[in-house]
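Shown next, in structure tokens, is the structure this report addresses.
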2 protein chains.
Amino acid sequence: MKITFPDGKVIEVQKEKSLYEAFKRNGIFLTASCGGKGTCGKCKVRILEGDVRVDNYGKLTEQERKKGVVLACQSYAEGDISVEIPIESMLTIGDKIAISKTRDLFELLKSYKAGMSPLISRLQLTLPPPTLDDNISDLERLKRALDEKGLNLSFPFDFMKGLADGLRQHGWDVFLCYQKESKEALSVEAPVEKPCYYGLAVDIGTTTVVCYLIDLCDGRVVDVGSTYNSQMRFGDDVITRIVNATEGGELNALRRAVVADINDLVEPMTQTHNIDPEEIESVVISGNTTMVHLFWGLNPAYIREEPYIPTANTFPVWKAKDAGIRIRRDAPVYTVPCVASYVGGDIVSGVIATKMHTKEEIALFMDIGTNGEIVIGNKDWLMTAACSAGPCFEGGGIKNGMRATKGAIEAVKIDRETLEPEIKVIGDAAPIGICGSGMIDAITEMFLAGIIDQRGKFVPEAKTDRIREGEDGLEYVIYSGDGRDIVLTQVDLENIVRAKAAIYAGVSLLLKEVGFPFEMIERVYIAGGFGNYIDVEKAIIMGMLPDIPRERFRFMGNTSVAGAYLCLLSEDMRREAERVASMMTYMELSVKGSYMDEFMSAMFLPHTDMEQFPNVKGMLEENGRI
Amino acid sequence: MKITFPDGKVIEVQKEKSLYEAFKRNGIFLTASCGGKGTCGKCKVRILEGDVRVDNYGKLTEQERKKGVVLACQSYAEGDISVEIPIESMLTIGDKIAISKTRDLFELLKSYKAGMSPLISRLQLTLPPPTLDDNISDLERLKRALDEKGLNLSFPFDFMKGLADGLRQHGWDVFLCYQKESKEALSVEAPVEKPCYYGLAVDIGTTTVVCYLIDLCDGRVVDVGSTYNSQMRFGDDVITRIVNATEGGELNALRRAVVADINDLVEPMTQTHNIDPEEIESVVISGNTTMVHLFWGLNPAYIREEPYIPTANTFPVWKAKDAGIRIRRDAPVYTVPCVASYVGGDIVSGVIATKMHTKEEIALFMDIGTNGEIVIGNKDWLMTAACSAGPCFEGGGIKNGMRATKGAIEAVKIDRETLEPEIKVIGDAAPIGICGSGMIDAITEMFLAGIIDQRGKFVPEAKTDRIREGEDGLEYVIYSGDGRDIVLTQVDLENIVRAKAAIYAGVSLLLKEVGFPFEMIERVYIAGGFGNYIDVEKAIIMGMLPDIPRERFRFMGNTSVAGAYLCLLSEDMRREAERVASMMTYMELSVKGSYMDEFMSAMFLPHTDMEQFPNVKGMLEENGRI
């Protein structure tokens with residue numbers, strides 16, 4: 001059956017697939033925080049023509065139903081249909097996924113003085129051809145030559161099948177391709193003058209999957225691809241996915257979903273650059289501990305249960321065929337080591353990308369997303385913790401929340417007198433929601449303008465039509481137009497305050513544990529796509545970031561993929577990542593009694609203890625806000 | 001479609017399968033030396049009812065065709081048919097495949113003072129359950145415990161999947177199952193009081209596959225199965241199979257054929273003894289170099305081409321899943337090491353089964369089959385060689401030749417006066433052909449009775465109706481009855497003389513190379529199913545075996561499977577097999593100029609140089625034969 005869109009585009013669809021599934025297969029991603037269960041009500045589409053079977057209308061209003069609006073995840077085409085997808089239902093990869101530049105990455109590698117040594121090594125061997133007097137077997141002949149070079153390898157089954165023909169086809173003058181770290185032979189190949197080998201540096205995020213195709217000979221980034229992690233249909237956050245993987249029995253489906261995402265990224269890149277997938281011969285995976293477990297199909301159940309134990313933090317190097325990545329079958333796949341259940345390889349990657357572990361200065365690394373991970377330390381020690389910020393900065397649990405893509409309000413300014421907002425929208429489009437940086441701006445401005453108080457509650461004295469009674473209590477209308485208002489409700493404000501408090505409390509407690517005051521932090525690295533675009537000043541005023549000199553903050557972009565890149569190209573960097581992971585001391589905040597105290601203290605704008613925010617305090621006193 | 005047999009048995013058959021194939025699938029094996037190409041004419045069957053399409057009648061006579069006789073490999077059922085299979089077309093596993101007894105095998109193992117150490121080891125571990133203060137990952141916890149025991153293992157992908165649940169299900173008190181030699185973890189299991197693990201000792205012969213199911217805890221032979229190697233449809237001998245594997249592109253089909261044979265042997269054994277195939281957790285394969293290459297799917301092409309180089313002589317331990325054996329997927333499969341292209345692991349097994357490499361005395365080991373392999377030596381040195389005897393002793397190339405199964409003439413005596421034969425038939429059945437031991441008897445008796453001369457030619461003076469002119473020249477009728485005569489033709493006699501000459505020349509040349517006269521051989525071990533039933537005296541008179549005191553000969557039965565048994569149960573024996581293989585010096589006879597001289601000298605009964613056969617010489621002089 002065919003689905004036609006207003007722009008004339010046509011896709012094919014199978015009867016048993018929901019529209020949500022059918023669109024996804026055709027690269028059209030819809031928002032569906034609930035994972036396609038019909039409960040979040042975000043995947044609305046409008047049927048213009050044709051018959052559709054609808055299993056469940058969810059919370060759609062009578063008016064919407066009359067207009068032909070249905071939930072894509074609950075609807076099935078009964079014949080050819082014509083469909084319109086409202087822009088707010090679309091989940092598109094924005095321009096805002098930070099892509100580190102080739103030169104920066106290679107410079108970073110060089111700055112480590114790390115040798116170029118990918119996972120596969122090659123050794124040129126010239127073997128004496130066998131004769132009646134020297135008639136040992138092919139394998140013994142090879143071993144004899146390796147013995148002379150002091151190399152002692154194991155020979156897996158896959159290697160042996162091609163050995164006899166390989167040696168003879170290339171006239172006993174071959175490149176032996178082997179995995180140095182596991183001491184495993186992989187193949188014999190024709191010697192080549194100008195070799196062409198590629199690798200993949202992959203960041204598996206909870207929300208997005210980013211894949212860099214790297215030339216292993218010169219470290220060049222050949223191409224970059226990114227997509228949403230299609231595990232999203234099993235839930236937005238790691239906890240929901242763990243529940244689905246374990247209690248829901250969907251572990252293998254989750255594994256397949258993210259592997260398919262990677263394959264779907266790699267295939268077009270190989271076509272564009274005319275690369276044989278067989279030439280892609282190594283992979284490095286960087287992700288949080290749950291993502292890595294799901295990628296390898298390892299049971300993540302015990303990550304979620306106290307005492308929060310992953311199956312592994314350091315992963316042996318397995319093969320592309322084990323993972324199901326469609327490249328050279330025996331390509332080694334290295335996993336950037338994790339630290340604990342809630343501090344993964346993405347954070348270890350972050351540390352090596354910032355080099356904070358090589359310096360004297362005390363630095364703070366923050367990766368702000370659904371989970372907020374924090375690292376504090378320097379070349380002598382590293383402490384790390386995770387705090388569950390919740391999905392609000394990525395749009396979850398916020399009435400008009402959305403990710404930082406086209407149509408999102410990313411910046412807000414509120415006139416102190418009129419209390420009228422001025423907004424900036426990504427892509428200069430009509431606004432359709434508000435993203436994380438917009439929320440930080442909005443709440444800070446609302447506070448500074450006296451619309452809300454230090455507890456984030458609406459101030460009765462604030463007089464403006466923008467404050468009104470909505471379905472969920474009081475709300476502030478940030479944008480109004482086309483009958484579609486964008487608001488922040490009292491519930492939204494509470495969620496945002498809770499999220500920022502979780503992050504600040506984590507940083508604060510960790511610092512207390514190591515006995516350092518905030519002012520001793522000489523550098524703050526902020527990683528993650530979201531972290532790239534926040535207004536530091538406003539994030540400090542709201543009390544999410546510490547009140548230290550603004551010039552100490554650095555935005556780092558996607559440090560997870562940067563770490564994967566380093567490990568892909570250099571054995572020294574793999575050892576460095578392992579050293580960093582073992583150097584990091586993890587603190588489980590959720591079981592600390594004092595965490596709750598810190599969290600409650602941080603549930604104020606900026607904080608109940610204003611002495612922690614001296615500059616903000618001065619500014620607020622000046623403005624008469626306190 | 002259905003095929004009915006006179007005894008009422010019915011089998012199902014597919015249209016596109018030849019009758020030969022259809023029978024084979026139903027466990028009915030027909031003789032077909034040509035591998036089902038319609039040229040050997042041995043797979044005759046008679047169609048009693050129904051329509052059959054016949055592609056080729058081969059050399060069938062007009063009379064046979066009138067009776068409804070067809071070649072099964074060239075005939076296809078067109079509907080339900082009724083078929084009679086003449087007994088001479090049947091290829092049945094006779095009672096005569098030597099099965100070594102359990103007690104002998106276990107005594108042999110004990111005599112080596114070898115430890116019981118199968119390929120999989122188990123280590124009981126009691127791990128401290130994780131707590132918030134001791135929250136390292138499952139893998140790190142396991143590694144920590146192993147470190148304390150000084151064990152450093154690798155962790156394959158398959159191992160990791162079951163780790164988290166395995167540890168918790170068994171309350172952190174587990175058996176770690178690992179492969180000691182490759183230092184590889186395999187699984188964590190519940191600790192058991194009375195363990196039940198099994199292994200397979202497999203002899204892959206060119207003609208038969210023998211499989212012992214062994215209890216790994218006490219060394220008991222639980223059951224034994226044997227079948228024809230169904231690679232036979234690709235040719236009777238290793239050379240034809242190599243040609244089919246390489247030029248014919250059938251390598252994978254050959255591999256699958258023998259693996260299916262093993263699986264077909266194992267399945268009924270597991271059912272009979274109520275054993276879960278998952279409990280079969282290791283395998284040892286013993287076979288000639290070509291058989292082993294075909295089993296693993298390794299290209300055997302270069303075994304056949306000068307300078308005769310196998311891909312490997314010593315094989316890494318791979319897994320059951322690599323081979324396709326349907327037992328525990330990651331069960332290690334050990335291959336008894338080979339020495340050279342034509343001296344395989346079956347011969348190394350033979351040496352360790354005889355223990356000739358542990359003694360002072362000089363011994364000769366002979367495995368007489370399609371290929372004759374020879375080992376000479378003692379505890380200080382071992383020399384080995386192979387000589388192509390050809391298939392005649394297994395019935396190939398002999399007009400009425402057959403294997404040593406029911407209906408085969410296995411012994412012949414000829415009256416010196418009347419020149420009338422007296423025969424002994426296996427299974428006391430009506431004779432349908434003559435097997436190897438019968439041939440040795442017959443030719444020796446014909447010589448002693450003056451029917452043939454020292455060159456194996458019919459003597460014109462011999463007067464008996466038993467000598468007659470046949471299709472292929474003169475022939476001697478050994479048995480006559482039911483219109484079915486069993487004869488030895490002049491061509492047959494030449495083939496037999498050539499075969500015995502090849503074997504004797506090999507032994508003789510090898511002895512000359514090491515500078516030992518025959519009389520210094522203190523022990524002769526004869527291995528192989530065939531070797532069990534020959535009359536030593538007659539084999540000496542014909543000049544196949546050396547003329548040394550008869551009490552020095554020992555029949556050993558299937559030493560290949562005995563070696564596999566030893567290696568299955570003991571790491572010491574695996575090391576012993578490897579030591580023996582590396583200790584054996586291989587001599588390539590076919591390229592020695594003097595081999596042809598030795599061979600030509602041996603083309604006499606018993607030999608042109610009668611001084612090599614002093615006892616025979618005396619006896620012949622006494623009898624007036626020379």
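Just so we're on the same page: first chain in the structure tokens is A, next is B, and so on; residues restart at 1 for each chain, and ligands are numbered from 1 in the order they show up.
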**OP:** For chain A, list the residues within 8 Å of chain B, counting only C-alpha atoms, and write the list as JSON, numbers by chain.
**Re:** {"A": [130, 131, 132, 135, 136, 137, 138, 139, 140, 154, 155, 156, 157, 160, 161, 163, 164, 165, 297, 298, 299, 302, 306, 307, 308, 309, 310, 311, 312, 313, 314, 316, 318, 322, 340, 588]}
Subject >> Polymer residues at most 6 Å from Ala353 (chain B), only C-alpha atoms, same-chain spacing of 2 or more positions, as a PyMOL selection string >> reply: chain B and resi 349-351+355+559+563
Subject >> Residue nearest Thr370 (chain A) among A:Gly345, A:Gly219, A:Gly436, A:Gly324 (counting only C-alpha atoms) >> reply: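 Looking at the shortest contact to Thr370 (chain A), the residue is A:Gly436.
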**OP:** Can you work out the spacing between CA of Val343 (chain A) and CA of Asp367 (chain A) in Å, to one decimal?
**Re:** 10.3 Å
Subject >> 6 Å contact set for region 110-125 of chain A, only C-alpha atoms, chain neighbours under 2 positions out, as an MDAnalysis selection string >> reply: chainID A and resid 107:108 173:179 568:572
Original post:
Near Arg574 (chain A), counting only C-alpha atoms, which residues have an atom at most 9 Å away, once you skip same-chain residues fewer than 5 positions from it, shown as a list in words?
Top reply: Tyr334, Val336, Pro337, Leu566, Cys567, Leu568, Leu569 and Arg579 of chain A
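Of note, CA of Leu48 (chain B) and CA of Gln231 (chain B) are spaced 29.6 Å apart.
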Original post:
Can you tell me, as a ChimeraX atom specification, what residues are no more than 9 Å from Val222 (chain B) when counting only C-alpha atoms, ignoring any on the same chain fewer than 4 positions away?
Top reply: /B:102,198,212-215,269,273
Just to be explicit: take each residue in the selection above, keep N, CA and C atoms, and write the result as a CSV table (one decimal), in the first residue's frame.
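Written file, result_27.csv:
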```csv
chain,number,residue,atom,x,y,z
B,102,THR,N,36.3,-50.7,26.1
B,102,THR,CA,36.5,-49.7,27.1
B,102,THR,C,37.6,-49.9,28.0
B,198,TYR,N,30.1,-35.2,28.8
B,198,TYR,CA,30.5,-36.2,27.8
B,198,TYR,C,31.4,-35.6,26.7
B,212,TYR,N,33.0,-42.6,19.3
B,212,TYR,CA,32.8,-43.1,20.7
B,212,TYR,C,32.3,-41.9,21.5
B,213,LEU,N,31.2,-42.2,22.2
B,213,LEU,CA,30.7,-41.3,23.2
B,213,LEU,C,31.3,-41.6,24.6
B,214,ILE,N,32.0,-40.7,25.2
B,214,ILE,CA,32.8,-41.0,26.4
B,214,ILE,C,32.3,-40.2,27.5
B,215,ASP,N,32.2,-40.8,28.7
B,215,ASP,CA,31.9,-40.1,29.9
B,215,ASP,C,33.2,-39.5,30.4
B,269,MET,N,22.7,-41.8,19.7
B,269,MET,CA,23.4,-42.1,21.0
B,269,MET,C,22.8,-41.3,22.1
B,273,HIS,N,20.8,-42.9,25.4
B,273,HIS,CA,21.3,-42.8,26.8
B,273,HIS,C,20.7,-41.6,27.5
```
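Using only C-alpha atoms, the residues found no farther than 7 Å from Leu30 (chain A), other than those of its own chain fewer than 5 positions away, are Tyr20, Cys43, Ser89, Met90 and Leu91 of chain A.
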Produce a file of the selected residues containing N, CA and C atoms, as a PDB file, in the first residue's frame.
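Saved the output as part31.pdb:
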```
ATOM      1  N   TYR A  20       3.506   4.761  12.329  1.00  0.00           N
ATOM      2  CA  TYR A  20       4.727   5.180  13.018  1.00  0.00           C
ATOM      3  C   TYR A  20       5.913   4.339  12.543  1.00  0.00           C
ATOM      4  N   CYS A  43       2.745  11.625  18.538  1.00  0.00           N
ATOM      5  CA  CYS A  43       2.962  11.245  17.137  1.00  0.00           C
ATOM      6  C   CYS A  43       1.716  11.500  16.280  1.00  0.00           C
ATOM      7  N   SER A  89       5.084  17.113  15.299  1.00  0.00           N
ATOM      8  CA  SER A  89       5.217  15.661  15.477  1.00  0.00           C
ATOM      9  C   SER A  89       6.547  15.139  14.938  1.00  0.00           C
ATOM     10  N   MET A  90       7.194  15.968  14.120  1.00  0.00           N
ATOM     11  CA  MET A  90       8.422  15.516  13.466  1.00  0.00           C
ATOM     12  C   MET A  90       9.594  15.515  14.449  1.00  0.00           C
ATOM     13  N   LEU A  91      10.384  14.488  14.352  1.00  0.00           N
ATOM     14  CA  LEU A  91      11.603  14.398  15.151  1.00  0.00           C
ATOM     15  C   LEU A  91      12.723  14.437  14.131  1.00  0.00           C
TER      16      LEU A  91
END
```
So that I can check the surroundings of region 421-426 of chain A, please list as a PDB file with N, CA and C atoms, in the first residue's frame every protein, DNA and RNA residue that reaches within 6 Å of it, counting only C-alpha atoms and ignoring chain neighbours fewer than 6 positions away.
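Below is the file out.pdb, written as the result:
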```pdb
ATOM      1  N   LYS A 406      14.690  22.494  14.491  1.00  0.00           N
ATOM      2  CA  LYS A 406      13.989  23.591  13.803  1.00  0.00           C
ATOM      3  C   LYS A 406      12.621  23.878  14.439  1.00  0.00           C
ATOM      4  N   GLY A 407      12.380  25.125  14.697  1.00  0.00           N
ATOM      5  CA  GLY A 407      11.087  25.512  15.280  1.00  0.00           C
ATOM      6  C   GLY A 407      11.115  25.611  16.796  1.00  0.00           C
ATOM      7  N   ALA A 408      12.263  25.259  17.408  1.00  0.00           N
ATOM      8  CA  ALA A 408      12.337  25.316  18.873  1.00  0.00           C
ATOM      9  C   ALA A 408      12.741  26.724  19.312  1.00  0.00           C
ATOM     10  N   ILE A 409      12.082  27.207  20.350  1.00  0.00           N
ATOM     11  CA  ILE A 409      12.490  28.478  20.955  1.00  0.00           C
ATOM     12  C   ILE A 409      13.759  28.194  21.736  1.00  0.00           C
ATOM     13  N   GLU A 410      14.875  28.813  21.319  1.00  0.00           N
ATOM     14  CA  GLU A 410      16.148  28.490  21.962  1.00  0.00           C
ATOM     15  C   GLU A 410      16.634  29.620  22.874  1.00  0.00           C
ATOM     16  N   ALA A 411      16.052  30.783  22.735  1.00  0.00           N
ATOM     17  CA  ALA A 411      16.455  31.899  23.602  1.00  0.00           C
ATOM     18  C   ALA A 411      15.231  32.766  23.902  1.00  0.00           C
ATOM     19  N   VAL A 412      15.191  33.259  25.129  1.00  0.00           N
ATOM     20  CA  VAL A 412      14.049  34.075  25.563  1.00  0.00           C
ATOM     21  C   VAL A 412      14.567  35.276  26.364  1.00  0.00           C
ATOM     22  N   LYS A 413      14.010  36.420  26.097  1.00  0.00           N
ATOM     23  CA  LYS A 413      14.313  37.626  26.892  1.00  0.00           C
ATOM     24  C   LYS A 413      12.958  38.209  27.315  1.00  0.00           C
ATOM     25  N   ILE A 414      12.851  38.635  28.588  1.00  0.00           N
ATOM     26  CA  ILE A 414      11.568  39.180  29.043  1.00  0.00           C
ATOM     27  C   ILE A 414      11.777  40.616  29.537  1.00  0.00           C
TER      28      ILE A 414
END
```
Subject >> Closest of B:Thr444, B:Thr206, B:Ser582, B:Thr358 to Val258 (chain B) - atom-to-atom distances counting only C-alpha atoms >> reply: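 Among B:Thr444, B:Thr206, B:Ser582, B:Thr358, it is B:Thr206 that comes nearest to Val258 (chain B).
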**OP:** Could you give me the residues within region 102-275 of chain B that DSSP places in alpha helix (DSSP H), as JSON, numbers by chain?
**Re:** {"B": [102, 103, 104, 105, 106, 107, 108, 109, 110, 111, 138, 139, 140, 141, 142, 143, 144, 145, 146, 147, 148, 157, 158, 159, 160, 161, 163, 164, 165, 166, 167, 168, 169, 238, 239, 240, 241, 242, 243, 244, 245, 246, 251, 252, 253, 254, 255, 256, 257, 258, 259, 260, 261, 262, 263, 264, 265, 266, 267, 268, 269, 270, 271, 272]}
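For the set B:Ile280, B:Ile239, B:Ile548, B:Leu200, the residue with the smallest atom-to-atom gap to Tyr565 (chain B) is B:Leu200, counting only C-alpha atoms.
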Original post:
Any idea what the distance is between CA of Gly433 (chain A) and CA of Ile486 (chain A)?
Top reply: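 Between CA of Gly433 (chain A) and CA of Ile486 (chain A) the gap is 6.2 Å.
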**OP:** Based on DSSP run over this structure's backbone, return all residues of region 191-432 of chain B in strand (DSSP E or B), as a ChimeraX atom specification.
**Re:** /B:198-204,208-215,221-228,280-287,318-319,332-335,340,343,363-368,371-377,382-388,401,408-414,421-425
